[in-house]
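This report concerns only the one structure given below.
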Amino acid sequence: MQTTLREDLRAAILTKLAAHENPLEGFYCNEATRESILAVLIAGRHLLLEGPPGTGKTTVARIIASLLPLMETVADCRYNCFPADPSCPDCAGRKSHKKVKVPGAQRFIRIQGSPEMMPEDLMGDLDPVLAMKLGIQDARAFTPGKIQKANRKILFIDELNRVPQRTQNTLVQVLEEGITTIAGFDLTSMVDTLVVATENPEEYAGAERVSETLSDRFEQVRIGYPCAEDEEKIIARYGKKIDGVKVSDDIIRRSVAICNVARSMPDELERLPSVRATLSIYEQAQSLARLKGAKSAGKAEVETAARRVLEGRLAVSSESKYFEKQDLLIEKIIDQAKKQ
């Protein structure tokens, strides 16, 4: 019996929980956020993650996909048909269908949202070369879009609220009915998918409002910056280490403390440093030590790296007394971090 992607995902999560394992291992957040995400997934609902950049939204989407079991599909099928029931234009007319198995981590299709995205980018379009070869009425001349390719996979849409509303609305049919219509061929394509989308807060440049029609199909979970303890675990786990340079736990702590101090100044800053800024401070501190021929990174390297990283990542508020004195604000941030 064929199972749906949502059934597979639900079973995988419940199996992990029954074994007292964290299904979202590798994603660091508070317990309430973790519980909310898992509840949405177990219920089989589409998930919309809202939060500032660098809070692990892409990471959690990939972790969700990695929970899925092996997928058996038809080789060279762009629609990921079940081998027992191949019915797409790619499979039609084939006498035999070779089977392949796709690991769970590869059951993941990413769409990067942008204001230039057109409906055809999602829904596919006619390939003029194939149309000339096969005929304009042959469905094989249709090149499937990311939505069709997401059949039996997680469809990850990064920065959904940077996508024009006309393009956003092309998602409604697939979210509501699980099908897409292949324009001009009177064919419908089943899309067994679960959508994990992200959006940045409205104050970020390029952000638009997700249409009410579309947002009603999602369950929204807000993700904030991690606590200092979790951020230290993130840096230790994902931060790159430079060969020949020793780094102590104190270097991680100092890198995290600097960015945490900056995040505590929303009145002074319009844009706060993300976890990526912390990672960059940690990694560049090692690079500076390597350039000096030192065997370990110290406090001086962390502070120098922080000045360079924050200079390009902070946006001082026009109402702040540091508006034209960003370097002084950065020194204040570093000084306050020393006291933590």
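Each chain of the structure tokens is named A, B, ... in the order shown, its residues numbered from 1; ligands are numbered from 1 in display order.
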Next item on the list: Assign secondary structure with DSSP using the backbone only, and return the residues of range 177-276 of chain A in strand (DSSP E) as a VMD selection string.
Entry: chain A and resid 179 to 182 187 to 190 194 to 199 218 to 222 269 to 271
Give me, as a PDB file with N, CA, C and O atoms, in the first residue's frame, all polymer residues having an atom no more than 8 Å from range 164-180 of chain A, counting only C-alpha atoms and skipping those fewer than 3 positions away in the same chain.
```pdb
ATOM      1  N   HIS A  46       0.934  22.437   6.356  1.00  0.00           N
ATOM      2  CA  HIS A  46       2.043  23.197   5.790  1.00  0.00           C
ATOM      3  C   HIS A  46       2.564  24.173   6.841  1.00  0.00           C
ATOM      4  O   HIS A  46       1.795  24.720   7.639  1.00  0.00           O
ATOM      5  N   SER A 114      11.984  35.676  -4.713  1.00  0.00           N
ATOM      6  CA  SER A 114      12.509  36.955  -5.184  1.00  0.00           C
ATOM      7  C   SER A 114      11.383  37.716  -5.880  1.00  0.00           C
ATOM      8  O   SER A 114      10.419  37.111  -6.357  1.00  0.00           O
ATOM      9  N   PRO A 115      11.491  39.039  -5.948  1.00  0.00           N
ATOM     10  CA  PRO A 115      10.445  39.833  -6.619  1.00  0.00           C
ATOM     11  C   PRO A 115      10.317  39.533  -8.104  1.00  0.00           C
ATOM     12  O   PRO A 115       9.299  39.861  -8.712  1.00  0.00           O
ATOM     13  N   GLU A 116      11.338  38.912  -8.715  1.00  0.00           N
ATOM     14  CA  GLU A 116      11.306  38.615 -10.148  1.00  0.00           C
ATOM     15  C   GLU A 116      10.683  37.255 -10.467  1.00  0.00           C
ATOM     16  O   GLU A 116      10.539  36.893 -11.629  1.00  0.00           O
ATOM     17  N   MET A 117      10.290  36.526  -9.450  1.00  0.00           N
ATOM     18  CA  MET A 117       9.777  35.175  -9.699  1.00  0.00           C
ATOM     19  C   MET A 117       8.422  35.228 -10.385  1.00  0.00           C
ATOM     20  O   MET A 117       7.508  35.929  -9.946  1.00  0.00           O
ATOM     21  N   MET A 118       8.294  34.467 -11.469  1.00  0.00           N
ATOM     22  CA  MET A 118       7.058  34.408 -12.230  1.00  0.00           C
ATOM     23  C   MET A 118       6.337  33.093 -11.964  1.00  0.00           C
ATOM     24  O   MET A 118       6.951  32.115 -11.554  1.00  0.00           O
ATOM     25  N   PRO A 119       5.024  33.040 -12.225  1.00  0.00           N
ATOM     26  CA  PRO A 119       4.284  31.778 -12.031  1.00  0.00           C
ATOM     27  C   PRO A 119       4.901  30.605 -12.787  1.00  0.00           C
ATOM     28  O   PRO A 119       4.900  29.477 -12.302  1.00  0.00           O
ATOM     29  N   LEU A 122       7.426  28.414 -11.057  1.00  0.00           N
ATOM     30  CA  LEU A 122       6.896  27.411 -10.143  1.00  0.00           C
ATOM     31  C   LEU A 122       6.151  26.306 -10.877  1.00  0.00           C
ATOM     32  O   LEU A 122       6.277  25.121 -10.550  1.00  0.00           O
ATOM     33  N   MET A 123       5.360  26.693 -11.865  1.00  0.00           N
ATOM     34  CA  MET A 123       4.427  25.763 -12.503  1.00  0.00           C
ATOM     35  C   MET A 123       4.961  25.105 -13.763  1.00  0.00           C
ATOM     36  O   MET A 123       4.336  24.200 -14.307  1.00  0.00           O
ATOM     37  N   GLN A 148       5.961  20.650  -9.518  1.00  0.00           N
ATOM     38  CA  GLN A 148       5.800  19.260  -9.968  1.00  0.00           C
ATOM     39  C   GLN A 148       6.974  18.390  -9.519  1.00  0.00           C
ATOM     40  O   GLN A 148       6.793  17.225  -9.152  1.00  0.00           O
ATOM     41  N   LEU A 160       9.239  33.547   1.357  1.00  0.00           N
ATOM     42  CA  LEU A 160       7.969  33.557   0.621  1.00  0.00           C
ATOM     43  C   LEU A 160       7.432  34.969   0.445  1.00  0.00           C
ATOM     44  O   LEU A 160       6.817  35.285  -0.581  1.00  0.00           O
ATOM     45  N   ASN A 161       7.664  35.831   1.440  1.00  0.00           N
ATOM     46  CA  ASN A 161       7.113  37.178   1.336  1.00  0.00           C
ATOM     47  C   ASN A 161       7.979  38.130   0.504  1.00  0.00           C
ATOM     48  O   ASN A 161       7.796  39.342   0.544  1.00  0.00           O
ATOM     49  N   THR A 188      -3.788  17.061 -15.335  1.00  0.00           N
ATOM     50  CA  THR A 188      -3.499  17.436 -13.956  1.00  0.00           C
ATOM     51  C   THR A 188      -2.388  16.536 -13.435  1.00  0.00           C
ATOM     52  O   THR A 188      -2.292  15.367 -13.799  1.00  0.00           O
ATOM     53  N   SER A 189      -1.532  17.093 -12.632  1.00  0.00           N
ATOM     54  CA  SER A 189      -0.401  16.364 -12.074  1.00  0.00           C
ATOM     55  C   SER A 189      -0.542  16.342 -10.562  1.00  0.00           C
ATOM     56  O   SER A 189      -0.668  17.388  -9.923  1.00  0.00           O
ATOM     57  N   MET A 190      -0.560  15.137  -9.980  1.00  0.00           N
ATOM     58  CA  MET A 190      -0.640  15.014  -8.532  1.00  0.00           C
ATOM     59  C   MET A 190       0.659  15.509  -7.894  1.00  0.00           C
ATOM     60  O   MET A 190       1.749  15.224  -8.393  1.00  0.00           O
ATOM     61  N   VAL A 191       0.521  16.225  -6.810  1.00  0.00           N
ATOM     62  CA  VAL A 191       1.690  16.725  -6.087  1.00  0.00           C
ATOM     63  C   VAL A 191       1.506  16.384  -4.610  1.00  0.00           C
ATOM     64  O   VAL A 191       0.806  17.072  -3.877  1.00  0.00           O
ATOM     65  N   ASP A 192       2.138  15.290  -4.198  1.00  0.00           N
ATOM     66  CA  ASP A 192       2.109  14.866  -2.801  1.00  0.00           C
ATOM     67  C   ASP A 192       3.295  15.526  -2.117  1.00  0.00           C
ATOM     68  O   ASP A 192       4.415  15.028  -2.160  1.00  0.00           O
ATOM     69  N   THR A 193       3.055  16.673  -1.523  1.00  0.00           N
ATOM     70  CA  THR A 193       4.148  17.429  -0.920  1.00  0.00           C
ATOM     71  C   THR A 193       3.702  18.056   0.383  1.00  0.00           C
ATOM     72  O   THR A 193       2.504  18.151   0.680  1.00  0.00           O
ATOM     73  N   VAL A 195       4.748  21.680   2.300  1.00  0.00           N
ATOM     74  CA  VAL A 195       5.501  22.918   2.078  1.00  0.00           C
ATOM     75  C   VAL A 195       6.010  23.471   3.403  1.00  0.00           C
ATOM     76  O   VAL A 195       5.254  23.618   4.361  1.00  0.00           O
ATOM     77  N   GLU A 208       7.294  41.565   1.460  1.00  0.00           N
ATOM     78  CA  GLU A 208       5.916  41.913   1.172  1.00  0.00           C
ATOM     79  C   GLU A 208       5.019  41.106   2.107  1.00  0.00           C
ATOM     80  O   GLU A 208       5.486  40.234   2.836  1.00  0.00           O
ATOM     81  N   VAL A 210       2.374  38.251   2.753  1.00  0.00           N
ATOM     82  CA  VAL A 210       1.836  37.048   2.133  1.00  0.00           C
ATOM     83  C   VAL A 210       0.324  37.206   2.049  1.00  0.00           C
ATOM     84  O   VAL A 210      -0.326  37.600   3.019  1.00  0.00           O
ATOM     85  N   SER A 211      -0.255  36.925   0.886  1.00  0.00           N
ATOM     86  CA  SER A 211      -1.686  37.120   0.694  1.00  0.00           C
ATOM     87  C   SER A 211      -2.481  36.295   1.698  1.00  0.00           C
ATOM     88  O   SER A 211      -2.056  35.207   2.114  1.00  0.00           O
ATOM     89  N   THR A 213      -5.182  34.679   1.248  1.00  0.00           N
ATOM     90  CA  THR A 213      -5.601  33.414   0.645  1.00  0.00           C
ATOM     91  C   THR A 213      -4.529  32.349   0.820  1.00  0.00           C
ATOM     92  O   THR A 213      -4.831  31.182   1.108  1.00  0.00           O
ATOM     93  N   LEU A 214      -3.274  32.740   0.663  1.00  0.00           N
ATOM     94  CA  LEU A 214      -2.178  31.794   0.784  1.00  0.00           C
ATOM     95  C   LEU A 214      -1.822  31.532   2.244  1.00  0.00           C
ATOM     96  O   LEU A 214      -1.627  30.382   2.642  1.00  0.00           O
ATOM     97  N   ARG A 217      -3.430  28.837   4.346  1.00  0.00           N
ATOM     98  CA  ARG A 217      -3.090  27.426   4.121  1.00  0.00           C
ATOM     99  C   ARG A 217      -1.898  26.989   4.959  1.00  0.00           C
ATOM    100  O   ARG A 217      -1.525  25.820   4.935  1.00  0.00           O
TER     101      ARG A 217
END
```
Please identify every residue of range 20-82 of chain A that has at least one atom no farther than 12 Å from an atom of range 149-157 of chain A, counting only C-alpha atoms, and for each give the shortest atom pair and the distance in Å to one decimal, arranged by chain then increasing number, as JSON lines.
```
{"residue": "A:Leu41", "atom": "CA", "partner": "A:Ile154", "partner_atom": "CA", "distance": 11.5}
{"residue": "A:Gly44", "atom": "CA", "partner": "A:Ile154", "partner_atom": "CA", "distance": 11.9}
{"residue": "A:His46", "atom": "CA", "partner": "A:Leu155", "partner_atom": "CA", "distance": 9.8}
{"residue": "A:Leu47", "atom": "CA", "partner": "A:Phe156", "partner_atom": "CA", "distance": 9.6}
{"residue": "A:Leu48", "atom": "CA", "partner": "A:Ile157", "partner_atom": "CA", "distance": 9.2}
{"residue": "A:Leu49", "atom": "CA", "partner": "A:Ile157", "partner_atom": "CA", "distance": 10.2}
{"residue": "A:Lys57", "atom": "CA", "partner": "A:Phe156", "partner_atom": "CA", "distance": 10.1}
{"residue": "A:Thr58", "atom": "CA", "partner": "A:Phe156", "partner_atom": "CA", "distance": 8.2}
{"residue": "A:Thr59", "atom": "CA", "partner": "A:Phe156", "partner_atom": "CA", "distance": 10.9}
{"residue": "A:Val60", "atom": "CA", "partner": "A:Phe156", "partner_atom": "CA", "distance": 10.4}
{"residue": "A:Ala61", "atom": "CA", "partner": "A:Phe156", "partner_atom": "CA", "distance": 6.8}
{"residue": "A:Arg62", "atom": "CA", "partner": "A:Phe156", "partner_atom": "CA", "distance": 8.6}
{"residue": "A:Ile63", "atom": "CA", "partner": "A:Ile154", "partner_atom": "CA", "distance": 10.6}
{"residue": "A:Ile64", "atom": "CA", "partner": "A:Ile154", "partner_atom": "CA", "distance": 8.1}
{"residue": "A:Ala65", "atom": "CA", "partner": "A:Ile154", "partner_atom": "CA", "distance": 6.1}
{"residue": "A:Ser66", "atom": "CA", "partner": "A:Ile154", "partner_atom": "CA", "distance": 9.7}
{"residue": "A:Leu67", "atom": "CA", "partner": "A:Ile154", "partner_atom": "CA", "distance": 10.7}
{"residue": "A:Leu68", "atom": "CA", "partner": "A:Lys153", "partner_atom": "CA", "distance": 8.9}
{"residue": "A:Pro69", "atom": "CA", "partner": "A:Lys153", "partner_atom": "CA", "distance": 10.8}
{"residue": "A:Leu70", "atom": "CA", "partner": "A:Arg152", "partner_atom": "CA", "distance": 10.9}
{"residue": "A:Met71", "atom": "CA", "partner": "A:Arg152", "partner_atom": "CA", "distance": 8.0}
{"residue": "A:Glu72", "atom": "CA", "partner": "A:Arg152", "partner_atom": "CA", "distance": 10.0}
{"residue": "A:Thr73", "atom": "CA", "partner": "A:Arg152", "partner_atom": "CA", "distance": 9.4}
{"residue": "A:Asp76", "atom": "CA", "partner": "A:Lys149", "partner_atom": "CA", "distance": 11.5}
{"residue": "A:Cys77", "atom": "CA", "partner": "A:Lys149", "partner_atom": "CA", "distance": 9.1}
{"residue": "A:Arg78", "atom": "CA", "partner": "A:Lys149", "partner_atom": "CA", "distance": 5.8}
{"residue": "A:Tyr79", "atom": "CA", "partner": "A:Lys149", "partner_atom": "CA", "distance": 5.2}
{"residue": "A:Asn80", "atom": "CA", "partner": "A:Asn151", "partner_atom": "CA", "distance": 6.1}
{"residue": "A:Cys81", "atom": "CA", "partner": "A:Asn151", "partner_atom": "CA", "distance": 8.0}
{"residue": "A:Phe82", "atom": "CA", "partner": "A:Arg152", "partner_atom": "CA", "distance": 9.2}
```
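The space between CA of Ser317 in chain A and CA of Gln112 in chain A spans 28.8 Å.
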Note to self: What's around Leu310 in chain A at 9 Å? Count only C-alpha atoms, leave out sequence neighbours fewer than 6 positions away in its own chain, and write the answer as a list in words.
What the structure shows: Cys259, Pro273, Ala277, Ile281 and Ile330 of chain A
Notebook entry, point to check: What are the DSSP helix (DSSP H, G or I) residues of range 30-184 of chain A, as a VMD selection string?
Noted result: chain A and resid 31 to 42 57 to 66 104 to 106 119 to 123 128 to 134 139 to 141 146 to 149 160 to 162 165 to 177
Checklist line | Contacts of Ile234 in chain A at 9 Å (only C-alpha atoms; same-chain gap of 4+ positions) as number ranges by chain | finding: A: 26-28, 229-230, 238-239, 275, 279
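From CA of Glu199 in chain A back to CA of Leu38 in chain A, the distance works out to 18.7 Å.
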